[in-house]
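S.K.: To start, I am sharing the structure in question, which I have written as structure tokens.
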Amino acid sequence: MSKSSSNIMALAPNTSNKRETVCIFGTGDFGRALGHKIIQSGYPVVFGSRSTQTSNLIPKDAEVLSHAEAAQKAAIIIIAIQRQHYNFLTPLAEILHGKVLVDVSNNLKINQYPESNAQYLAQLVPGAKVVKAFNTVSAWALQSGTLDASRQVFVCGDDMEAKQMVMDIVRALGLTPLDKGSLLAAQEIENYPLQLFPMWKFPILLSLGLTAFFFFYCLTRDVIYSYVYENKDFSFFIAISIPNRICPILALTLLALVYLPGVLAAIIQLYRGTKYHRFPDWLDKWMLCRKQLGLVALAFASLHVLYTLVIPIRSFVRWRISSRILSQALNNETEPLNTTNAWLSDSYLALGILGFFLFVLLGITSLPSVSNNVNWREFRFVQSKLGYLTLVLCTTHTLVYGGNRFLSPSSYRWYLPNAYMLSLIVPCIVLVVKFVLIFPCLDKPLTRIRQGWERNPQYSE
Amino acid sequence: MSKSSSNIMALAPNTSNKRETVCIFGTGDFGRALGHKIIQSGYPVVFGSRSTQTSNLIPKDAEVLSHAEAAQKAAIIIIAIQRQHYNFLTPLAEILHGKVLVDVSNNLKINQYPESNAQYLAQLVPGAKVVKAFNTVSAWALQSGTLDASRQVFVCGDDMEAKQMVMDIVRALGLTPLDKGSLLAAQEIENYPLQLFPMWKFPILLSLGLTAFFFFYCLTRDVIYSYVYENKDFSFFIAISIPNRICPILALTLLALVYLPGVLAAIIQLYRGTKYHRFPDWLDKWMLCRKQLGLVALAFASLHVLYTLVIPIRSFVRWRISSRILSQALNNETEPLNTTNAWLSDSYLALGILGFFLFVLLGITSLPSVSNNVNWREFRFVQSKLGYLTLVLCTTHTLVYGGNRFLSPSSYRWYLPNAYMLSLIVPCIVLVVKFVLIFPCLDKPLTRIRQGWERNPQYSE
Amino acid sequence: MSKSSSNIMALAPNTSNKRETVCIFGTGDFGRALGHKIIQSGYPVVFGSRSTQTSNLIPKDAEVLSHAEAAQKAAIIIIAIQRQHYNFLTPLAEILHGKVLVDVSNNLKINQYPESNAQYLAQLVPGAKVVKAFNTVSAWALQSGTLDASRQVFVCGDDMEAKQMVMDIVRALGLTPLDKGSLLAAQEIENYPLQLFPMWKFPILLSLGLTAFFFFYCLTRDVIYSYVYENKDFSFFIAISIPNRICPILALTLLALVYLPGVLAAIIQLYRGTKYHRFPDWLDKWMLCRKQLGLVALAFASLHVLYTLVIPIRSFVRWRISSRILSQALNNETEPLNTTNAWLSDSYLALGILGFFLFVLLGITSLPSVSNNVNWREFRFVQSKLGYLTLVLCTTHTLVYGGNRFLSPSSYRWYLPNAYMLSLIVPCIVLVVKFVLIFPCLDKPLTRIRQGWERNPQYSE
């Protein structure tokens, strides 16, 4: 909404307020793009470069001077140069004394150097006030004006005033500065733009693996078996029927995997009799990606809902229903209403609807803007109480779907049980263990342990 | 996303920058957990305790000293002690002079004491700079590292610099500080973690009550009546058919209740001829929970959509359709297309779809992150104009559903009208009154009253 | 959540902390409403007015003095007067020297004056510290206490301390201050409340135009043609069948229009051999509203999904299915399963489901709170990679839907092709051009151009 107006403002002549000159060291792509944008926002810009020859790539409103001359013209100097060339700043230390140096650099790998580029810069030019900023902004986005992505610019630095000056420039550019504290945060800020959904890797790989396994499992049972024994071509099951078996299985399994680490942690704490012992690493990592696991599970659940709702529109289903009616009509049969079937079918659907509804609620409360408006007690209530209720509803939904088919031998083809039976393993384990943990004889010591009590104090670190 | 990297940073050796010692008074569970986390973030920590005997529960990198000794080692002292023991600080007043005292305490009840704990602390140690922080963070979350919930830490205090120092520690811990202003805000911050969806209580209780009422109403009409008079067992209606009657009724009624207080307020203002008179308390409270009422209504509407879309998959519905076709086939009947029925059925579905679509739009704009990006004019446009359009569409949807059944005597069983007729009462009242209020003879004075005009100036406070 | 508690706090007696007097110039509606609220928050308030006669509209706890007297009583003066009357402040310049003047004014039109009201105020009273604030808050909302909309108050000003004082008052009122930087931002802040979805105008007008065109197109083909040649009344198609043709067409076309400007920009850059040349204005504007175009497309896609899922409940569809079965029953026909049809129908549905699923994912990542938690690399990945995948899936969905009807003459009525064929034009162009641009002979120079390389350096500005 505010985009257009901020652009309007930026382009309007700002004759009333004079803004301070900004110096940019480096005439590379990012330096030029940033220079362009800063000039548009009403600041005079001067470039510091090895060769003072004006290139026609450089915005024509900007002067190009030697580094030393340029630095003297401004209080803020943006270092748009790669870290390996920072050495040239050492001889300029005297001129840079007291100036605000803005480090905009990024690395190619996460934690590439022991210290962040900004901290390295601060060591090279001890008299300057180093501020980290702008590294999350892309030159291309600056140039094209289409800052669709995050307009947030992380800023950190040890000098409050210097930080404030940089944040004012950020705001003038129509971006949102976000104060990340002291220069120590520079490492995190420099790592940030290199990440590609780091927390999502495990959940997505896991679900891809499970999807592949269950795809071939169902293919064998539903398509190949029919082809081999009944010589029927059900290859079109690949489009909807098989995905609609895989999706609920993955949704239920992944949802159970969200609650499994909590249950395991409780067992470990009960066994150790203390909470002051670190969990094994794999458990820690698992606990950290529970939200992502849950959201992937929700994605599969949503697909399951869509696949289920299109069932009556499918050409195959329409053919099956009409051929069943036709055969009844030809045989003059009429069937009375089977109340048990009606009960099973309706309660199975109702459980699924309620489970999915609560699942979506859980998903909505995990949106950053919603969870930020919720306190710890409310978050625990939703994620723990409502989460377990969702798991119970979805597990029951699957159990009722099975109905009395569990023991029927016809549902075992090539000794393979129906795929949905496999999906019940993890959730049933989680629910049974959780149910056991609720008993007072286990719940009481667990609560005490979580409040800091220890069975064998010598155990602690 | 930034979680992992902030943890990486926290664990990396921070040799380059030295951080100031933090003192913690109190070696209880929360003090120890916070101490652990602060040490991990690279700060030296010293504990102040009555007994200086090092417990092995206390992080081994931390010193444990007497309160006085510990306080002298640090500029920031975190008071991890309950309010009732704050008295012991009075003799230390001299040592604490000029120090930053961080109050992390919580109460057991909302507004337990006349002044907030932080203000009480400030009165006890007048020379210190008291900052309220960390009270919304749980010890267990700090310990387990799974800060899934809000990472926001509310900070308030009268001294800007002290607040800044505390906010830097908050950031170093990987949390997000949120400046809430002066120490006066401490009361609000202390009440915050004790709340459990306070604004949702009334809407949820109301909808539970209405759900119970309509459940028994529909049970009587649809299940018991059929059982008594036709001896048919439709008990399975409890799973889907009856919920799918209750949900739309509640959705429509609650949506109308969102707009009723606005209409009542307009009538009151017109009658009084002024806006400078407080509304009755119940109306004020009602107006404050309109958003929650609307979201509960949206939840019921979503359930109604899901229940409706599974209709063709229901075993009962399939049986009913096929038995109708079979009976036609046996009697050699064919039915021509009834265009009126097609019109009624299609327009009723179309109205429902459009109404639900707008309802979801309203729900999305009430997400905090969306409504924050919308100005007052845009918000009013969406919530008022689109809101009324939604109400009109949903009411018409119900009216068309009724079709010409309103007057048919067969729809009155035991003199009870169809349940959906009851759901039309509130929305029709709201729409009629709103329609009347749009007339210029009422709209003009109302607009003037809302702009500050008064009919009888002696009326005002 | 925090609303109620903030209100509780505001109403509680704040005896412990004394707050500084706030002066308000102007006793109009907004001044009075703000005064009421500030008094409730525990500040003494004094009004400055031309006539010192106490009106009973003014809160009774407030004094009313002459402008000069009132100004002397407070450090902060809120100027609740319209811009055209600011002249009266010139004679008061001496008294106002060093005071904080809060400009709360709004204009009637965007960019009504060359400089913002706040800057104009700063020029009139050069010795005062002008802060812009509160202009986004409505008097009515302050009065009624129902600040449902954004609680954000934009604040800007050149003096840090003055800004801080104003932000403390904002917080005390239960609102959230948002520092927008120096007074230069006042123009933007003043334009903000006048906007009504400025970025949405083009997408919405475009989709309304396309909707109208396709409505009459489908009406002609599906209703009028049938009426003229077959004398059948399918007018009820207007309710669902025709909307369900229009929605997917618009969804697909608008989605393709989201990616068309990117493709055009690439062609322009390749042709010019530089990126340092501004794009034509229309392309710039088009690129800025891509997010809105995409969301409108998502809205149409959602409607398409809903319209499709209700198909089996439609009375017309039930009649058509049962009459087909009846005619087969009467003729003793049975139809074997047509595997090709089953494949077409299922894969068409599956493609649609997957396309819609990815489309919703794209929509969720464009929520402000989600996109703020995503870095540039992740945002590009989602919006570009997943976006094109969505476009490919949806286009294939439409192609498979067509099946082999493209060449059948029966699908051309009055020489008009089926409407869905028209919807394929733009997406196919986008996909073909994008496919061509992926070839290394074009991709390599394009990447170099985007990194700053130029073919003919004399081309640049």
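By convention here, the chains of the structure tokens are called A, B, ... in the order presented, each chain's residues are numbered starting at 1, and ligands are numbered starting at 1 in the order presented.
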Output as CSV one row per residue of chain A within 6 Å of chain C: the closest atom pair and its distance in Å to one decimal place, counting only C-alpha atoms, sorted by chain and residue number ascending.
M.R.:
```
residue,atom,partner,partner_atom,distance
A:Ser5,CA,C:Glu188,CA,5.9
A:Asp29,CA,C:Gly452,CA,5.6
A:Ser150,CA,C:Asn372,CA,4.8
A:Asp168,CA,C:Gly181,CA,5.5
A:Pro193,CA,C:Asn375,CA,5.6
A:Leu196,CA,C:Glu378,CA,5.5
A:Phe236,CA,C:Trp343,CA,5.0
A:Ala239,CA,C:Ser347,CA,5.2
A:Ser315,CA,C:Ala342,CA,5.5
A:Phe316,CA,C:Ala342,CA,5.3
A:Leu326,CA,C:Ala329,CA,5.9
A:Pro368,CA,C:Ser369,CA,5.8
A:Ser369,CA,C:Ser369,CA,5.5
```
S.K.: Please, which residues in stretch 159-205 of chain B fall within 12 Å of stretch 249-260 of chain B when counting only C-alpha atoms, and what is the closest atom pair and distance in Å to one decimal for each, ordered by chain then residue number, as JSON lines?
M.R.:
```
{"residue": "B:Phe202", "atom": "CA", "partner": "B:Leu254", "partner_atom": "CA", "distance": 11.7}
{"residue": "B:Pro203", "atom": "CA", "partner": "B:Leu254", "partner_atom": "CA", "distance": 8.5}
{"residue": "B:Ile204", "atom": "CA", "partner": "B:Leu254", "partner_atom": "CA", "distance": 10.6}
```
S.K.: For atom CA of C:Ala419 and atom CA of C:Ala299, quote the distance in Å rounded to one decimal.
M.R.: 19.4 Å
S.K.: Report as a PyMOL selection string: the residues of stretch 116-228 of chain A with a DSSP assignment of strand (DSSP E), based on the backbone of this structure.
M.R.: chain A and resi 129-132+152-157+176-179
S.K.: For C:Gly355, work out the shell of residues within 12 Å, counting only C-alpha atoms and skipping chain neighbours fewer than 5 positions away, then give it as number ranges by chain.
M.R.: A: 303, 306; C: 248, 251-252, 255, 298, 301-302, 305, 347-350, 360-362, 386-398
S.K.: Can you pull out the residues contacting A:Val46? Cut-off 7 Å, using only C-alpha atoms, and skip same-chain residues under 4 positions away; I want them as a CSV table (one decimal) with N, CA, C and O atoms, in the first residue's frame.
M.R.:
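This went into result31.csv:
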```
chain,number,residue,atom,x,y,z
A,22,VAL,N,26.3,11.2,1.2
A,22,VAL,CA,26.7,9.8,1.5
A,22,VAL,C,27.8,9.4,0.5
A,22,VAL,O,27.7,9.7,-0.7
A,23,CYS,N,28.8,8.8,1.1
A,23,CYS,CA,30.0,8.3,0.2
A,23,CYS,C,29.9,6.8,0.0
A,23,CYS,O,29.5,6.1,1.0
A,24,ILE,N,30.1,6.4,-1.2
A,24,ILE,CA,30.1,4.9,-1.5
A,24,ILE,C,31.5,4.6,-2.0
A,24,ILE,O,32.0,5.1,-3.0
A,62,ALA,N,26.3,11.8,-9.5
A,62,ALA,CA,27.3,11.5,-8.5
A,62,ALA,C,28.7,11.9,-8.9
A,62,ALA,O,29.1,11.7,-10.1
A,63,GLU,N,29.5,12.4,-8.0
A,63,GLU,CA,30.9,12.7,-8.2
A,63,GLU,C,31.7,11.4,-8.0
A,63,GLU,O,31.3,10.5,-7.2
A,64,VAL,N,32.8,11.2,-8.8
A,64,VAL,CA,33.7,10.1,-8.5
A,64,VAL,C,35.0,10.7,-8.1
A,64,VAL,O,35.6,11.5,-8.9
A,70,ALA,N,36.9,11.3,-1.4
A,70,ALA,CA,35.5,11.0,-1.2
A,70,ALA,C,35.1,10.9,0.3
A,70,ALA,O,34.1,11.4,0.7
```
S.K.: List the neighbours of C:Ser138 out to 8 Å using only C-alpha atoms; skip same-chain residues closer than 3 positions along the sequence, and give me the result as a VMD selection string.
M.R.: (chain B and resid 376) or (chain C and resid 30 135 141 to 142)
S.K.: Rounded to one decimal in Å, what is the spacing between atom CA of C:Val296 and atom CA of C:Phe213?
M.R.: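 Between atom CA of C:Val296 and atom CA of C:Phe213 the gap is 17.0 Å.
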S.K.: Suppose you want the space between atom CA of C:Tyr217 and atom CA of C:Leu295; what is it in Å?
M.R.: 24.5 Å
S.K.: Please return, as a ChimeraX atom specification, all residues of stretch 69-318 of chain C that DSSP assigns to alpha helix (DSSP H) on the basis of the backbone.
M.R.: /C:69-72,93-96,117-124,139-144,160-172,186-191,201-218,225,243-272,281-288,290-309,315-318
S.K.: Tell me, as a ChimeraX atom specification, which residues lie within 10 Å of C:Gly127, counting only C-alpha atoms; anything in the same chain fewer than 5 positions away does not count.
M.R.: /C:93-100,122
